[in-house]
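Everything below concerns the one structure shown next.
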Amino acid sequence: MKISFIAIGTELLIGQVTDTNSGAIARHIAPYGWEINDIQVIDDNEPDIIRAVERALATSDVVVTTGGLGPTSDDITKHVLTRFFGGNLVESSEVLENIRRIFHKRGFDLNRLTAAQAMVPDNCTVIQNRVGTAPIMWWERNGKVLVSMPGVPFETETMWKEEVFPRLLDRFPSDVAIAHATLLVTDYTESALAEYIAGFERNLPDYLHLAYLPKQGTIRLRLDGKHPDGDFIRAEVARYAANLASQLGDAVIADRDASPAEILIDVAREKGLKIATAESCTGGNIAHAITAVAGASDVFTGAVVSYSNEVKISLLHVDAATIARLGAVSEPVAAMMAAGVIDACGADVAVATSGIAGPGGGTPEKPVGTVCMGVAVKGHEPKAYTFTFGGDRSRVIESATRRALILAIKAIR
């Protein structure tokens, strides 16, 4: 099933807000064999909304709009769609009660503008938005469905997963079974990986398809299968995925779509190991990535943001003479930082970063983007590596963070 997506809002067109709803919906529906075939980003005015809706309904059985449902005068989507489908606005006591409940929970007084969100079209199915005040509206015409959802990403994603998409699956059942498998791969560029597994890909049967999804230092290989026989396609996807994982060996760090931080927490928990980080150029970003994952407290003991040489020396016991001789951005220093934070935080495994995130500070020998990383496992000699990452300061930090997490995963394994 293919759906059309319409993001409504002037703020999207002028760059004040970025549309993330289409990506969240696309990621959620892909395992079910659904996909977005058209995305329109439009201004919040009646002619543009009508043109976009007419175009979408002409090509898709399902249309999803987000945005334009707020309480202020510039949010007109509900009014335009009501007229488009030939209805009238009436007050819904259920929606009003839902708005009152949410405002009471948030400690706000209900005002006239927000209360007006309880005015809903009389020719649609209203889905209560349990995490926001703007109700979701579902219209049907000539066997096609249009769902109008709020633009707030948390509200859209929550209600899409819990209410809207399950209803769409019931409304448009499929007679084709879908199966998927994901391998998260490191140590390859996309082109090098494609060359290495070209034979595997050539021999795939027609009911299987392999997709490459690169993301900053990792590549997700997603194997998709479609077949009328559900048991058959699930077994085939599992068999081919296992063969591919065997071919790639240690380059596969996970058999699911997960962040490096999530994978690190899982493998550390399996081994009963504790993790710590020592960070200079990443400024605590590795620790942030880990602690952003629920359950991180099972394995994460702490971090030292040793931005200055003095802190490296005093807290992590890095040798001052080594810093003086080689500089803070060097493999021996990174290795000592990793070993030092194991002792400081009572951990079993640690990663450390020391580098030049930019935009200044680089030299011909150590250009901007140079990051030295140390990896230490308790009872073993620490190891160190040097990487050069491209992009601006934030991209260098993010790239270094992902690489450090991957190094920690491999160290544990």
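Please note that chains go A, B, ... in the order of the structure tokens, that every chain numbers its residues from 1, and that ligands are numbered from 1 in the order shown.
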If we count only C-alpha atoms and set the cut-off at 10 Å, which residues sit around stretch 132-148 of chain A, ignoring sequence neighbours fewer than 6 positions away in its own chain? Please answer as a compact mmCIF listing (two decimals) with all heavy atoms, in the first residue's frame.
# COMPACT_ATOMS: atom_id res chain seq x y z
N ILE A 3 0.96 5.48 0.34
CA ILE A 3 0.19 6.60 0.86
C ILE A 3 0.83 7.91 0.43
O ILE A 3 2.03 7.97 0.13
CB ILE A 3 0.07 6.55 2.40
CG1 ILE A 3 1.40 6.88 3.07
CG2 ILE A 3 -0.43 5.19 2.85
CD1 ILE A 3 1.30 6.94 4.58
N SER A 4 0.02 8.96 0.39
CA SER A 4 0.51 10.31 0.11
C SER A 4 0.55 11.10 1.42
O SER A 4 -0.35 10.97 2.25
CB SER A 4 -0.38 11.02 -0.90
OG SER A 4 -0.18 10.51 -2.20
N PHE A 5 1.57 11.91 1.56
CA PHE A 5 1.77 12.67 2.79
C PHE A 5 1.81 14.16 2.46
O PHE A 5 2.49 14.58 1.52
CB PHE A 5 3.07 12.25 3.46
CG PHE A 5 3.36 12.96 4.75
CD1 PHE A 5 2.85 12.48 5.95
CD2 PHE A 5 4.13 14.11 4.77
CE1 PHE A 5 3.10 13.13 7.14
CE2 PHE A 5 4.39 14.78 5.96
CZ PHE A 5 3.87 14.28 7.14
N ILE A 6 1.09 14.96 3.24
CA ILE A 6 1.07 16.42 3.06
C ILE A 6 1.42 17.08 4.39
O ILE A 6 0.71 16.92 5.38
CB ILE A 6 -0.32 16.90 2.59
CG1 ILE A 6 -0.75 16.19 1.32
CG2 ILE A 6 -0.31 18.42 2.38
CD1 ILE A 6 -2.21 16.46 0.91
N VAL A 53 -4.48 18.24 -1.67
CA VAL A 53 -5.37 17.12 -1.34
C VAL A 53 -5.92 16.48 -2.61
O VAL A 53 -5.99 15.25 -2.73
CB VAL A 53 -6.52 17.61 -0.43
CG1 VAL A 53 -7.61 16.55 -0.32
CG2 VAL A 53 -5.97 17.96 0.95
N ALA A 56 -3.21 14.39 -4.15
CA ALA A 56 -2.92 13.19 -3.38
C ALA A 56 -4.02 12.13 -3.54
O ALA A 56 -3.74 10.94 -3.71
CB ALA A 56 -2.72 13.54 -1.91
N LEU A 57 -5.27 12.57 -3.48
CA LEU A 57 -6.38 11.61 -3.61
C LEU A 57 -6.45 11.01 -5.01
O LEU A 57 -6.97 9.91 -5.20
CB LEU A 57 -7.70 12.31 -3.28
CG LEU A 57 -7.94 12.62 -1.80
CD1 LEU A 57 -9.19 13.49 -1.64
CD2 LEU A 57 -8.06 11.35 -0.98
N ALA A 58 -5.91 11.72 -6.00
CA ALA A 58 -5.92 11.19 -7.37
C ALA A 58 -4.93 10.05 -7.54
O ALA A 58 -5.08 9.24 -8.47
CB ALA A 58 -5.60 12.31 -8.35
N SER A 60 -3.46 8.15 -4.61
CA SER A 60 -3.30 7.26 -3.46
C SER A 60 -4.64 6.95 -2.82
O SER A 60 -5.55 7.78 -2.83
CB SER A 60 -2.38 7.90 -2.40
OG SER A 60 -1.11 8.18 -2.94
N ASP A 61 -4.72 5.76 -2.23
CA ASP A 61 -5.93 5.38 -1.49
C ASP A 61 -5.93 5.96 -0.08
O ASP A 61 -6.98 6.07 0.55
CB ASP A 61 -6.04 3.86 -1.40
CG ASP A 61 -6.35 3.24 -2.74
OD1 ASP A 61 -7.01 3.90 -3.56
OD2 ASP A 61 -5.91 2.10 -2.99
N VAL A 62 -4.75 6.31 0.42
CA VAL A 62 -4.63 6.88 1.77
C VAL A 62 -3.83 8.17 1.69
O VAL A 62 -2.74 8.21 1.09
CB VAL A 62 -3.94 5.90 2.74
CG1 VAL A 62 -3.76 6.55 4.11
CG2 VAL A 62 -4.73 4.61 2.87
N VAL A 63 -4.36 9.23 2.29
CA VAL A 63 -3.67 10.52 2.36
C VAL A 63 -3.56 10.91 3.83
O VAL A 63 -4.55 10.82 4.57
CB VAL A 63 -4.43 11.61 1.58
CG1 VAL A 63 -3.72 12.96 1.71
CG2 VAL A 63 -4.58 11.22 0.11
N VAL A 64 -2.39 11.33 4.22
CA VAL A 64 -2.16 11.79 5.59
C VAL A 64 -1.69 13.23 5.54
O VAL A 64 -0.74 13.56 4.81
CB VAL A 64 -1.10 10.93 6.31
CG1 VAL A 64 -0.84 11.48 7.72
CG2 VAL A 64 -1.54 9.48 6.38
N THR A 65 -2.37 14.11 6.29
CA THR A 65 -1.91 15.49 6.43
C THR A 65 -1.47 15.71 7.86
O THR A 65 -2.02 15.12 8.79
CB THR A 65 -3.00 16.51 6.06
OG1 THR A 65 -3.98 16.57 7.11
CG2 THR A 65 -3.67 16.16 4.75
N THR A 66 -0.46 16.56 8.04
CA THR A 66 -0.05 16.96 9.38
C THR A 66 0.05 18.48 9.42
O THR A 66 0.46 19.12 8.45
CB THR A 66 1.30 16.36 9.78
OG1 THR A 66 2.31 16.79 8.86
CG2 THR A 66 1.25 14.84 9.81
N GLY A 67 -0.34 19.06 10.56
CA GLY A 67 -0.21 20.50 10.74
C GLY A 67 -1.47 21.27 10.44
O GLY A 67 -2.43 20.75 9.85
N GLY A 68 -1.47 22.53 10.87
CA GLY A 68 -2.58 23.42 10.61
C GLY A 68 -3.80 23.19 11.47
O GLY A 68 -4.89 23.66 11.14
N LEU A 69 -3.65 22.47 12.60
CA LEU A 69 -4.80 22.16 13.44
C LEU A 69 -4.76 22.89 14.78
O LEU A 69 -5.53 22.57 15.69
CB LEU A 69 -4.88 20.64 13.69
CG LEU A 69 -4.98 19.75 12.46
CD1 LEU A 69 -5.11 18.29 12.88
CD2 LEU A 69 -6.15 20.15 11.58
N GLY A 70 -3.85 23.84 14.93
CA GLY A 70 -3.71 24.55 16.19
C GLY A 70 -4.87 25.49 16.48
O GLY A 70 -5.79 25.64 15.67
N PRO A 71 -4.82 26.17 17.64
CA PRO A 71 -5.94 27.02 18.07
C PRO A 71 -5.91 28.44 17.51
O PRO A 71 -6.86 29.19 17.73
CB PRO A 71 -5.78 27.04 19.59
CG PRO A 71 -4.30 26.90 19.80
CD PRO A 71 -3.81 26.01 18.70
N THR A 77 -6.44 24.33 8.50
CA THR A 77 -6.60 23.03 7.82
C THR A 77 -7.96 22.40 8.12
O THR A 77 -8.64 21.90 7.21
CB THR A 77 -5.48 22.07 8.24
OG1 THR A 77 -4.22 22.63 7.85
CG2 THR A 77 -5.65 20.72 7.58
N LYS A 78 -8.38 22.41 9.37
CA LYS A 78 -9.66 21.79 9.74
C LYS A 78 -10.82 22.44 8.99
O LYS A 78 -11.71 21.74 8.47
CB LYS A 78 -9.87 21.89 11.25
CG LYS A 78 -11.21 21.37 11.72
CD LYS A 78 -11.29 21.33 13.24
CE LYS A 78 -11.20 22.71 13.85
NZ LYS A 78 -11.35 22.66 15.34
N LEU A 81 -10.65 21.49 5.14
CA LEU A 81 -11.02 20.10 4.88
C LEU A 81 -12.51 19.87 5.14
O LEU A 81 -13.15 19.07 4.44
CB LEU A 81 -10.18 19.16 5.73
CG LEU A 81 -8.69 19.09 5.35
CD1 LEU A 81 -7.94 18.18 6.31
CD2 LEU A 81 -8.51 18.61 3.91
N THR A 82 -13.05 20.55 6.12
CA THR A 82 -14.49 20.42 6.37
C THR A 82 -15.29 20.89 5.16
O THR A 82 -16.25 20.22 4.72
CB THR A 82 -14.89 21.26 7.61
OG1 THR A 82 -14.17 20.78 8.75
CG2 THR A 82 -16.39 21.14 7.88
N PHE A 85 -14.88 18.40 2.12
CA PHE A 85 -15.67 17.17 2.19
C PHE A 85 -17.16 17.44 2.41
O PHE A 85 -17.94 16.50 2.52
CB PHE A 85 -15.13 16.26 3.29
CG PHE A 85 -13.84 15.57 2.93
CD1 PHE A 85 -12.62 16.05 3.39
CD2 PHE A 85 -13.83 14.45 2.12
CE1 PHE A 85 -11.43 15.43 3.07
CE2 PHE A 85 -12.65 13.81 1.79
CZ PHE A 85 -11.44 14.31 2.26
N VAL A 95 -14.46 15.63 22.75
CA VAL A 95 -13.20 16.33 22.48
C VAL A 95 -12.96 17.42 23.52
O VAL A 95 -11.84 17.59 24.02
CB VAL A 95 -13.21 16.93 21.06
CG1 VAL A 95 -11.96 17.78 20.85
CG2 VAL A 95 -13.28 15.83 20.02
N LEU A 96 -14.01 18.14 23.88
CA LEU A 96 -13.87 19.20 24.88
C LEU A 96 -13.41 18.63 26.21
O LEU A 96 -12.54 19.21 26.88
CB LEU A 96 -15.19 19.95 25.05
CG LEU A 96 -15.16 21.16 25.98
CD1 LEU A 96 -14.14 22.19 25.51
CD2 LEU A 96 -16.56 21.78 26.08
N ASN A 98 -11.68 15.93 26.63
CA ASN A 98 -10.28 15.52 26.46
C ASN A 98 -9.35 16.72 26.58
O ASN A 98 -8.28 16.64 27.22
CB ASN A 98 -10.10 14.86 25.09
CG ASN A 98 -8.68 14.35 24.86
OD1 ASN A 98 -8.20 13.49 25.58
ND2 ASN A 98 -8.01 14.91 23.87
N ILE A 99 -9.74 17.86 26.00
CA ILE A 99 -8.93 19.08 26.09
C ILE A 99 -8.83 19.55 27.54
O ILE A 99 -7.76 19.91 28.02
CB ILE A 99 -9.52 20.18 25.20
CG1 ILE A 99 -9.42 19.79 23.72
CG2 ILE A 99 -8.80 21.50 25.43
CD1 ILE A 99 -10.17 20.72 22.78
N ARG A 100 -9.95 19.51 28.24
CA ARG A 100 -9.95 19.92 29.65
C ARG A 100 -9.02 19.02 30.48
O ARG A 100 -8.29 19.50 31.36
CB ARG A 100 -11.37 19.87 30.22
CG ARG A 100 -12.26 21.03 29.76
CD ARG A 100 -13.62 20.92 30.37
NE ARG A 100 -14.46 22.07 30.04
CZ ARG A 100 -15.75 22.01 29.78
NH1 ARG A 100 -16.36 20.84 29.81
NH2 ARG A 100 -16.42 23.10 29.49
N ARG A 101 -9.08 17.73 30.21
CA ARG A 101 -8.24 16.79 30.96
C ARG A 101 -6.76 17.09 30.75
O ARG A 101 -5.97 17.12 31.70
CB ARG A 101 -8.55 15.36 30.50
CG ARG A 101 -7.66 14.29 31.14
CD ARG A 101 -7.93 12.92 30.53
NE ARG A 101 -7.62 12.89 29.10
CZ ARG A 101 -6.40 12.75 28.61
NH1 ARG A 101 -5.35 12.64 29.43
NH2 ARG A 101 -6.20 12.72 27.31
N ILE A 102 -6.39 17.34 29.49
CA ILE A 102 -4.98 17.61 29.17
C ILE A 102 -4.53 18.93 29.79
O ILE A 102 -3.45 19.02 30.37
CB ILE A 102 -4.77 17.60 27.65
CG1 ILE A 102 -4.90 16.17 27.12
CG2 ILE A 102 -3.41 18.18 27.28
CD1 ILE A 102 -4.88 16.05 25.64
N PHE A 103 -5.38 19.95 29.71
CA PHE A 103 -5.01 21.25 30.30
C PHE A 103 -4.88 21.14 31.82
O PHE A 103 -3.98 21.73 32.42
CB PHE A 103 -6.03 22.31 29.89
CG PHE A 103 -5.55 23.19 28.78
CD1 PHE A 103 -5.14 22.63 27.57
CD2 PHE A 103 -5.48 24.56 28.93
CE1 PHE A 103 -4.68 23.42 26.54
CE2 PHE A 103 -5.03 25.37 27.90
CZ PHE A 103 -4.62 24.80 26.70
N THR A 114 -8.39 27.58 22.73
CA THR A 114 -8.15 26.15 22.82
C THR A 114 -9.45 25.38 22.91
O THR A 114 -9.59 24.30 22.32
CB THR A 114 -7.26 25.84 24.04
OG1 THR A 114 -6.02 26.57 23.91
CG2 THR A 114 -6.94 24.36 24.10
N ALA A 115 -10.43 25.91 23.63
CA ALA A 115 -11.73 25.24 23.72
C ALA A 115 -12.37 25.10 22.34
O ALA A 115 -13.12 24.15 22.08
CB ALA A 115 -12.65 26.02 24.66
N ALA A 116 -12.07 26.04 21.43
CA ALA A 116 -12.64 25.99 20.08
C ALA A 116 -12.14 24.79 19.29
O ALA A 116 -12.73 24.44 18.25
CB ALA A 116 -12.32 27.28 19.34
N GLN A 117 -11.08 24.16 19.76
CA GLN A 117 -10.61 22.95 19.06
C GLN A 117 -11.60 21.80 19.21
O GLN A 117 -11.49 20.79 18.50
CB GLN A 117 -9.23 22.54 19.57
CG GLN A 117 -8.12 23.51 19.17
CD GLN A 117 -6.74 22.99 19.52
OE1 GLN A 117 -6.42 22.80 20.68
NE2 GLN A 117 -5.93 22.76 18.50
N ALA A 118 -12.55 21.94 20.11
CA ALA A 118 -13.60 20.93 20.25
C ALA A 118 -14.63 21.02 19.13
O ALA A 118 -15.51 20.16 19.03
CB ALA A 118 -14.28 21.07 21.60
N MET A 119 -14.55 22.06 18.28
CA MET A 119 -15.42 22.15 17.11
C MET A 119 -14.84 21.24 16.02
O MET A 119 -13.71 21.43 15.55
CB MET A 119 -15.49 23.58 16.60
CG MET A 119 -16.03 24.57 17.62
SD MET A 119 -17.76 24.26 18.04
CE MET A 119 -18.56 24.64 16.48
N VAL A 120 -15.58 20.20 15.66
CA VAL A 120 -15.08 19.21 14.71
C VAL A 120 -16.08 19.00 13.58
O VAL A 120 -17.29 19.27 13.74
CB VAL A 120 -14.80 17.86 15.42
CG1 VAL A 120 -13.69 18.02 16.47
CG2 VAL A 120 -16.06 17.31 16.07
N PRO A 121 -15.63 18.52 12.43
CA PRO A 121 -16.55 18.28 11.31
C PRO A 121 -17.59 17.20 11.64
O PRO A 121 -17.26 16.20 12.29
CB PRO A 121 -15.62 17.82 10.18
CG PRO A 121 -14.26 18.34 10.58
CD PRO A 121 -14.23 18.27 12.06
N ASN A 123 -18.96 15.32 9.45
CA ASN A 123 -18.94 14.27 8.43
C ASN A 123 -17.65 13.47 8.45
O ASN A 123 -17.25 12.87 7.44
CB ASN A 123 -19.14 14.89 7.04
CG ASN A 123 -18.02 15.86 6.68
OD1 ASN A 123 -17.30 16.35 7.55
ND2 ASN A 123 -17.89 16.14 5.38
N CYS A 124 -16.97 13.45 9.60
CA CYS A 124 -15.74 12.66 9.71
C CYS A 124 -15.78 11.83 10.97
O CYS A 124 -16.62 12.04 11.86
CB CYS A 124 -14.51 13.58 9.71
SG CYS A 124 -14.21 14.40 11.29
N THR A 125 -14.88 10.87 11.05
CA THR A 125 -14.67 10.11 12.28
C THR A 125 -13.59 10.83 13.09
O THR A 125 -12.50 11.08 12.58
CB THR A 125 -14.20 8.68 11.98
OG1 THR A 125 -15.23 8.01 11.23
CG2 THR A 125 -13.94 7.91 13.27
N VAL A 126 -13.92 11.17 14.32
CA VAL A 126 -12.98 11.88 15.18
C VAL A 126 -12.23 10.87 16.05
O VAL A 126 -12.85 10.01 16.69
CB VAL A 126 -13.70 12.90 16.08
CG1 VAL A 126 -12.71 13.56 17.05
CG2 VAL A 126 -14.39 13.96 15.23
N PHE A 154 5.73 14.65 18.50
CA PHE A 154 5.42 13.66 19.53
C PHE A 154 3.97 13.20 19.44
O PHE A 154 3.67 12.01 19.54
CB PHE A 154 5.70 14.25 20.92
CG PHE A 154 5.15 13.41 22.04
CD1 PHE A 154 5.74 12.19 22.37
CD2 PHE A 154 4.04 13.83 22.77
CE1 PHE A 154 5.23 11.42 23.39
CE2 PHE A 154 3.53 13.05 23.80
CZ PHE A 154 4.13 11.84 24.11
N GLU A 155 3.07 14.15 19.21
CA GLU A 155 1.65 13.80 19.10
C GLU A 155 1.41 12.93 17.87
O GLU A 155 0.70 11.92 17.92
CB GLU A 155 0.80 15.06 19.04
CG GLU A 155 0.86 15.91 20.30
CD GLU A 155 0.00 17.16 20.18
OE1 GLU A 155 -0.95 17.15 19.38
OE2 GLU A 155 0.29 18.14 20.89
N THR A 156 1.98 13.35 16.74
CA THR A 156 1.77 12.61 15.50
C THR A 156 2.29 11.19 15.60
O THR A 156 1.59 10.21 15.27
CB THR A 156 2.46 13.33 14.33
OG1 THR A 156 1.92 14.64 14.19
CG2 THR A 156 2.27 12.56 13.04
N MET A 159 0.18 8.97 18.23
CA MET A 159 -1.16 8.61 17.79
C MET A 159 -1.15 7.80 16.50
O MET A 159 -2.04 6.98 16.27
CB MET A 159 -2.00 9.88 17.63
CG MET A 159 -2.24 10.63 18.94
SD MET A 159 -2.93 9.57 20.25
CE MET A 159 -4.49 9.10 19.52
N TRP A 160 -0.14 8.02 15.65
CA TRP A 160 -0.02 7.21 14.44
C TRP A 160 0.19 5.74 14.81
O TRP A 160 -0.47 4.85 14.27
CB TRP A 160 1.12 7.72 13.57
CG TRP A 160 1.37 6.86 12.37
CD1 TRP A 160 2.28 5.85 12.24
CD2 TRP A 160 0.64 6.89 11.13
NE1 TRP A 160 2.18 5.26 11.01
CE2 TRP A 160 1.18 5.88 10.30
CE3 TRP A 160 -0.41 7.68 10.65
CZ2 TRP A 160 0.71 5.65 9.02
CZ3 TRP A 160 -0.87 7.44 9.36
CH2 TRP A 160 -0.32 6.44 8.57
N GLU A 163 -3.07 4.49 17.27
CA GLU A 163 -4.46 4.58 16.84
C GLU A 163 -4.65 4.57 15.33
O GLU A 163 -5.42 3.76 14.80
CB GLU A 163 -5.09 5.86 17.41
CG GLU A 163 -5.33 5.83 18.91
CD GLU A 163 -6.52 4.96 19.29
OE1 GLU A 163 -7.33 4.62 18.40
OE2 GLU A 163 -6.65 4.65 20.48
N VAL A 164 -3.95 5.47 14.64
CA VAL A 164 -4.27 5.68 13.23
C VAL A 164 -3.84 4.51 12.36
O VAL A 164 -4.65 3.96 11.59
CB VAL A 164 -3.63 7.00 12.73
CG1 VAL A 164 -3.85 7.16 11.22
CG2 VAL A 164 -4.21 8.18 13.48
N LEU A 168 -5.87 1.86 9.84
CA LEU A 168 -5.63 1.76 8.40
C LEU A 168 -5.35 0.32 7.99
O LEU A 168 -5.77 -0.12 6.91
CB LEU A 168 -4.46 2.67 8.01
CG LEU A 168 -4.75 4.17 8.00
CD1 LEU A 168 -3.47 4.96 7.80
CD2 LEU A 168 -5.77 4.53 6.92
N ARG A 171 -8.57 -1.31 7.74
CA ARG A 171 -9.35 -0.79 6.61
C ARG A 171 -8.82 -1.30 5.28
O ARG A 171 -9.58 -1.53 4.33
CB ARG A 171 -9.32 0.74 6.64
CG ARG A 171 -10.03 1.43 5.49
CD ARG A 171 -11.51 1.18 5.51
NE ARG A 171 -12.16 1.86 4.40
CZ ARG A 171 -12.16 1.42 3.14
NH1 ARG A 171 -11.56 0.28 2.84
NH2 ARG A 171 -12.77 2.11 2.20
N PHE A 172 -7.52 -1.51 5.17
CA PHE A 172 -6.91 -1.97 3.92
C PHE A 172 -6.06 -3.22 4.18
O PHE A 172 -4.81 -3.16 4.15
CB PHE A 172 -6.03 -0.86 3.32
CG PHE A 172 -6.78 0.38 2.95
CD1 PHE A 172 -6.81 1.48 3.82
CD2 PHE A 172 -7.44 0.48 1.74
CE1 PHE A 172 -7.50 2.64 3.48
CE2 PHE A 172 -8.14 1.63 1.39
CZ PHE A 172 -8.17 2.71 2.26
Based on DSSP run over this structure's backbone, return all residues of stretch 28-177 of chain A in helix (DSSP H, G or I), as JSON, numbers by chain. {"A": [28, 29, 30, 31, 32, 46, 47, 48, 49, 50, 51, 52, 53, 54, 55, 56, 57, 58, 59, 77, 78, 79, 80, 81, 82, 83, 84, 93, 94, 95, 96, 97, 98, 99, 100, 101, 102, 103, 104, 105, 106, 112, 113, 114, 115, 116, 117, 118, 153, 154, 155, 156, 157, 158, 159, 160, 161, 162, 163, 164, 165, 166, 167, 168, 169, 170, 171]}
Selected residue of minimal separation from A:Ala344 among A:Val293, A:Ile275, A:Val17, A:Ala400, counting only C-alpha atoms: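 Comparing A:Val293, A:Ile275, A:Val17, A:Ala400 against A:Ala344, the winner is A:Ile275.
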Quick one: residues within 6 Å of A:Asp43, only C-alpha atoms counted, chain neighbours fewer than 6 positions away excluded, as a ChimeraX atom specification? /A:8-10
Selected residues written out, N, CA and C atoms, as an mmCIF file, in the first residue's frame:
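Generated file (again35.cif):
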data_model
loop_
_atom_site.group_PDB
_atom_site.id
_atom_site.type_symbol
_atom_site.label_atom_id
_atom_site.label_comp_id
_atom_site.auth_asym_id
_atom_site.auth_seq_id
_atom_site.Cartn_x
_atom_site.Cartn_y
_atom_site.Cartn_z
ATOM 1 N N ILE A 8 1.688 20.548 6.280
ATOM 2 C CA ILE A 8 1.105 21.875 6.113
ATOM 3 C C ILE A 8 1.705 22.838 7.138
ATOM 4 N N GLY A 9 2.200 23.970 6.644
ATOM 5 C CA GLY A 9 2.715 24.967 7.575
ATOM 6 C C GLY A 9 3.702 25.913 6.922
ATOM 7 N N THR A 10 3.443 27.201 7.040
ATOM 8 C CA THR A 10 4.370 28.193 6.501
ATOM 9 C C THR A 10 5.743 28.053 7.124
#
Using backbone DSSP assignments, extract all strand (DSSP E or B) residues from stretch 44-254 of chain A; output them as number ranges by chain. A: 62-66, 89-91, 119-121, 125-127, 136-141, 144-149, 177-185, 208-215, 218-227, 252-254
Considering only C-alpha atoms, can you say which of A:Ala350, A:Leu273, A:Ala296, A:Ile263 comes closest to A:Glu381?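 Closest to A:Glu381 of all the choices is A:Ala350.
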Got a sec: who's within 7 Å of A:Thr218, counting only C-alpha atoms, leaving out chain neighbours fewer than 2 positions off, as a list in words? Leu184, Val185, Thr186, Pro214, Lys215, Gln216 and Arg220 of chain A
Could you write those residues out with all heavy atoms, as a compact mmCIF listing (two decimals), in the first residue's frame?
# COMPACT_ATOMS: atom_id res chain seq x y z
N LEU A 184 23.17 -4.61 10.88
CA LEU A 184 23.88 -3.34 11.02
C LEU A 184 25.37 -3.61 10.81
O LEU A 184 25.99 -4.36 11.56
CB LEU A 184 23.63 -2.74 12.40
CG LEU A 184 23.94 -1.26 12.55
CD1 LEU A 184 23.06 -0.42 11.63
CD2 LEU A 184 23.74 -0.82 13.99
N VAL A 185 25.93 -2.97 9.77
CA VAL A 185 27.28 -3.30 9.31
C VAL A 185 28.20 -2.10 9.47
O VAL A 185 27.80 -0.95 9.23
CB VAL A 185 27.24 -3.73 7.82
CG1 VAL A 185 28.64 -4.10 7.32
CG2 VAL A 185 26.29 -4.91 7.64
N THR A 186 29.45 -2.36 9.87
CA THR A 186 30.46 -1.32 9.98
C THR A 186 31.67 -1.71 9.12
O THR A 186 31.73 -2.80 8.55
CB THR A 186 30.94 -1.13 11.43
OG1 THR A 186 31.62 -2.33 11.85
CG2 THR A 186 29.77 -0.86 12.35
N PRO A 214 22.71 3.70 4.51
CA PRO A 214 23.89 4.18 5.25
C PRO A 214 23.53 5.29 6.23
O PRO A 214 22.62 6.09 6.00
CB PRO A 214 24.80 4.70 4.14
CG PRO A 214 23.88 5.07 3.02
CD PRO A 214 22.71 4.14 3.11
N LYS A 215 24.29 5.34 7.34
CA LYS A 215 24.10 6.40 8.32
C LYS A 215 25.36 6.56 9.15
O LYS A 215 25.62 5.77 10.05
CB LYS A 215 22.92 6.12 9.24
CG LYS A 215 22.63 7.26 10.22
CD LYS A 215 21.41 6.96 11.06
CE LYS A 215 21.12 8.11 12.01
NZ LYS A 215 19.93 7.85 12.86
N GLN A 216 26.19 7.55 8.84
CA GLN A 216 27.33 7.96 9.63
C GLN A 216 28.11 6.80 10.25
O GLN A 216 28.05 6.55 11.45
CB GLN A 216 26.89 8.91 10.75
CG GLN A 216 26.72 10.34 10.29
CD GLN A 216 26.53 11.28 11.46
OE1 GLN A 216 25.88 10.97 12.43
NE2 GLN A 216 27.10 12.45 11.35
N ARG A 220 22.88 -0.01 7.29
CA ARG A 220 21.83 -0.99 7.57
C ARG A 220 21.53 -1.75 6.28
O ARG A 220 21.17 -1.14 5.27
CB ARG A 220 20.56 -0.30 8.07
CG ARG A 220 20.63 0.20 9.50
CD ARG A 220 19.41 1.00 9.85
NE ARG A 220 19.38 2.25 9.11
CZ ARG A 220 18.29 2.97 8.89
NH1 ARG A 220 17.13 2.55 9.32
NH2 ARG A 220 18.34 4.10 8.21
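Distances from A:Ile14, A:Ile49, A:Met1, A:Val304 to A:Gly33 were compared using only C-alpha atoms, and the smallest one belongs to A:Met1.
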Using only C-alpha atoms, tabulate the residues of stretch 17-73 of chain A lying at most 12 Å from any atom of stretch 223-246 of chain A, each with its closest atom pair and that distance in Å to one decimal, by chain and increasing residue number, as CSV.
residue,atom,partner,partner_atom,distance
A:Ala30,CA,A:Asp224,CA,9.5
A:Pro31,CA,A:Asp224,CA,8.3
A:Tyr32,CA,A:Lys226,CA,10.0
A:Gly33,CA,A:Lys226,CA,8.1
A:Trp34,CA,A:Lys226,CA,11.7
Hey, can you check how far atom CA of A:Gly369 sits from atom CA of A:Pro332? 18.1 Å
